[in-house]
Structures are given as C-alpha cells and as structure tokens.
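A.B. asks: One structure, pasted below without further comment.
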Amino acid sequence: MKAITLRNIPPDLAAALDREKRRRGQSLNRTAIDLLRQGLGVGTTRSNGLARLSGGWSEERVRELEEALAPFDEIDPEMWK
C-alpha cells in the first residue's frame, strides 16, 4: 500500500476531520480513507449527499402516484366548448 503525507491542511478542515473521526469512532487514517473513497466514488457510488434527503420510492409507490395523477391528463370536453 502507498503512504501519502498531506501538508498545509487548513485548520478548519483539520478540525472537521477530527470531529468526523470522533463521530465515527475510527482512526484518523481510516476516516480519511473512507471520505476519500466516498468523495471520489471509488469502491462505491459517488454521492453528493442528497440521496439521504430525497428518499426513494418503491415501484408500487410510483404506480400509486401515477394512478392518482392520471385523471389530470384527461380533458373535460364540457370545459372546452
């Protein structure tokens, strides 16, 4: 494995990295590697962090929504006379 030394890390970034390592209960090395993997999309899907906010819909839920919205695609001939 390759060792990398990072120099001139800004204090705010160093503090954020230290907070994150404590939050995760991991070493600084493990935390930095995990964050680099995540940020670069190596070994996982690259994420901008919005997925956890947007949620996900099952196929059934999508079908239910499409069925609920279907009447809005119909034109009422009486309204267009």
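Labeling convention for the structure tokens: chains A, B, ... as they appear, residues from 1 per chain, ligands from 1 in order of appearance.
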For A:Lys21, find every residue with an atom within 12 Å (counting only C-alpha atoms), except residues of its own chain fewer than 4 positions away, and show them as a list of chain:residue names.

C.D. replies: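 Non-adjacent residues within range: A:Ala14, A:Ala15, A:Ala16, A:Leu17, A:Gly25, A:Gln26, A:Ser27, A:Leu28, A:Asn29, A:Arg30, A:Thr31, A:Ala32, A:Ile33, A:Asp34, A:Leu35.
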
A.B. asks: Okay, now the selection with N, CA, C and O atoms, as a short mmCIF file (atom, residue, chain, number, x, y, z; two decimals), in the first residue's frame?

C.D. replies:
data_model
loop_
_atom_site.label_atom_id
_atom_site.label_comp_id
_atom_site.auth_asym_id
_atom_site.auth_seq_id
_atom_site.Cartn_x
_atom_site.Cartn_y
_atom_site.Cartn_z
N ALA A 14 -8.92 20.49 9.24
CA ALA A 14 -8.36 19.58 10.23
C ALA A 14 -9.34 19.35 11.38
O ALA A 14 -9.53 18.23 11.85
N ALA A 15 -10.00 20.44 11.81
CA ALA A 15 -10.98 20.33 12.90
C ALA A 15 -12.18 19.50 12.47
O ALA A 15 -12.68 18.65 13.22
N ALA A 16 -12.65 19.72 11.23
CA ALA A 16 -13.79 18.95 10.73
C ALA A 16 -13.44 17.47 10.61
O ALA A 16 -14.25 16.60 10.93
N LEU A 17 -12.25 17.18 10.16
CA LEU A 17 -11.79 15.80 10.03
C LEU A 17 -11.68 15.14 11.41
O LEU A 17 -12.09 13.99 11.60
N GLY A 25 -15.91 7.07 15.44
CA GLY A 25 -15.19 6.18 16.34
C GLY A 25 -14.10 5.41 15.61
O GLY A 25 -13.83 4.24 15.91
N GLN A 26 -13.48 6.06 14.64
CA GLN A 26 -12.43 5.44 13.83
C GLN A 26 -11.13 6.22 13.98
O GLN A 26 -11.13 7.35 14.48
N SER A 27 -10.08 5.64 13.48
CA SER A 27 -8.81 6.35 13.44
C SER A 27 -8.89 7.45 12.39
O SER A 27 -9.75 7.42 11.49
N LEU A 28 -7.98 8.40 12.51
CA LEU A 28 -7.90 9.47 11.53
C LEU A 28 -7.61 8.90 10.14
O LEU A 28 -8.21 9.30 9.14
N ASN A 29 -6.72 7.93 10.07
CA ASN A 29 -6.36 7.30 8.81
C ASN A 29 -7.58 6.64 8.15
O ASN A 29 -7.85 6.84 6.96
N ARG A 30 -8.31 5.83 8.91
CA ARG A 30 -9.48 5.12 8.38
C ARG A 30 -10.55 6.12 7.92
O ARG A 30 -11.17 5.97 6.86
N THR A 31 -10.77 7.17 8.71
CA THR A 31 -11.76 8.19 8.36
C THR A 31 -11.37 8.89 7.06
O THR A 31 -12.20 9.07 6.17
N ALA A 32 -10.11 9.29 6.95
CA ALA A 32 -9.65 9.97 5.74
C ALA A 32 -9.78 9.07 4.51
O ALA A 32 -10.24 9.52 3.45
N ILE A 33 -9.42 7.81 4.65
CA ILE A 33 -9.55 6.87 3.52
C ILE A 33 -11.01 6.71 3.13
O ILE A 33 -11.36 6.76 1.94
N ASP A 34 -11.90 6.54 4.11
CA ASP A 34 -13.33 6.39 3.81
C ASP A 34 -13.90 7.62 3.12
O ASP A 34 -14.66 7.51 2.16
N LEU A 35 -13.52 8.80 3.60
CA LEU A 35 -14.01 10.04 2.99
C LEU A 35 -13.48 10.23 1.58
O LEU A 35 -14.20 10.69 0.69
#

A.B. asks: Between atom CA of A:Arg7 and atom CA of A:Gln38, what is the spacing in Å?

C.D. replies: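 A separation of 21.2 Å between them.
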
A.B. asks: Name the residues of chain A that come out as helix (DSSP H, G or I) in a backbone DSSP run; write them as a count of residues only.

C.D. replies: 50

A.B. asks: One decimal, in Å: what's the spacing between atom CA of A:Glu59 and atom CA of A:Glu74?

C.D. replies: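 Separation between atom CA of A:Glu59 and atom CA of A:Glu74: 23.5 Å.
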
A.B. asks: Using Å and a single decimal, report how far atom CA of A:Glu20 sits from atom CA of A:Gly39.

C.D. replies: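 Interatomic distance, atom CA of A:Gly39 to atom CA of A:Glu20: 14.4 Å.
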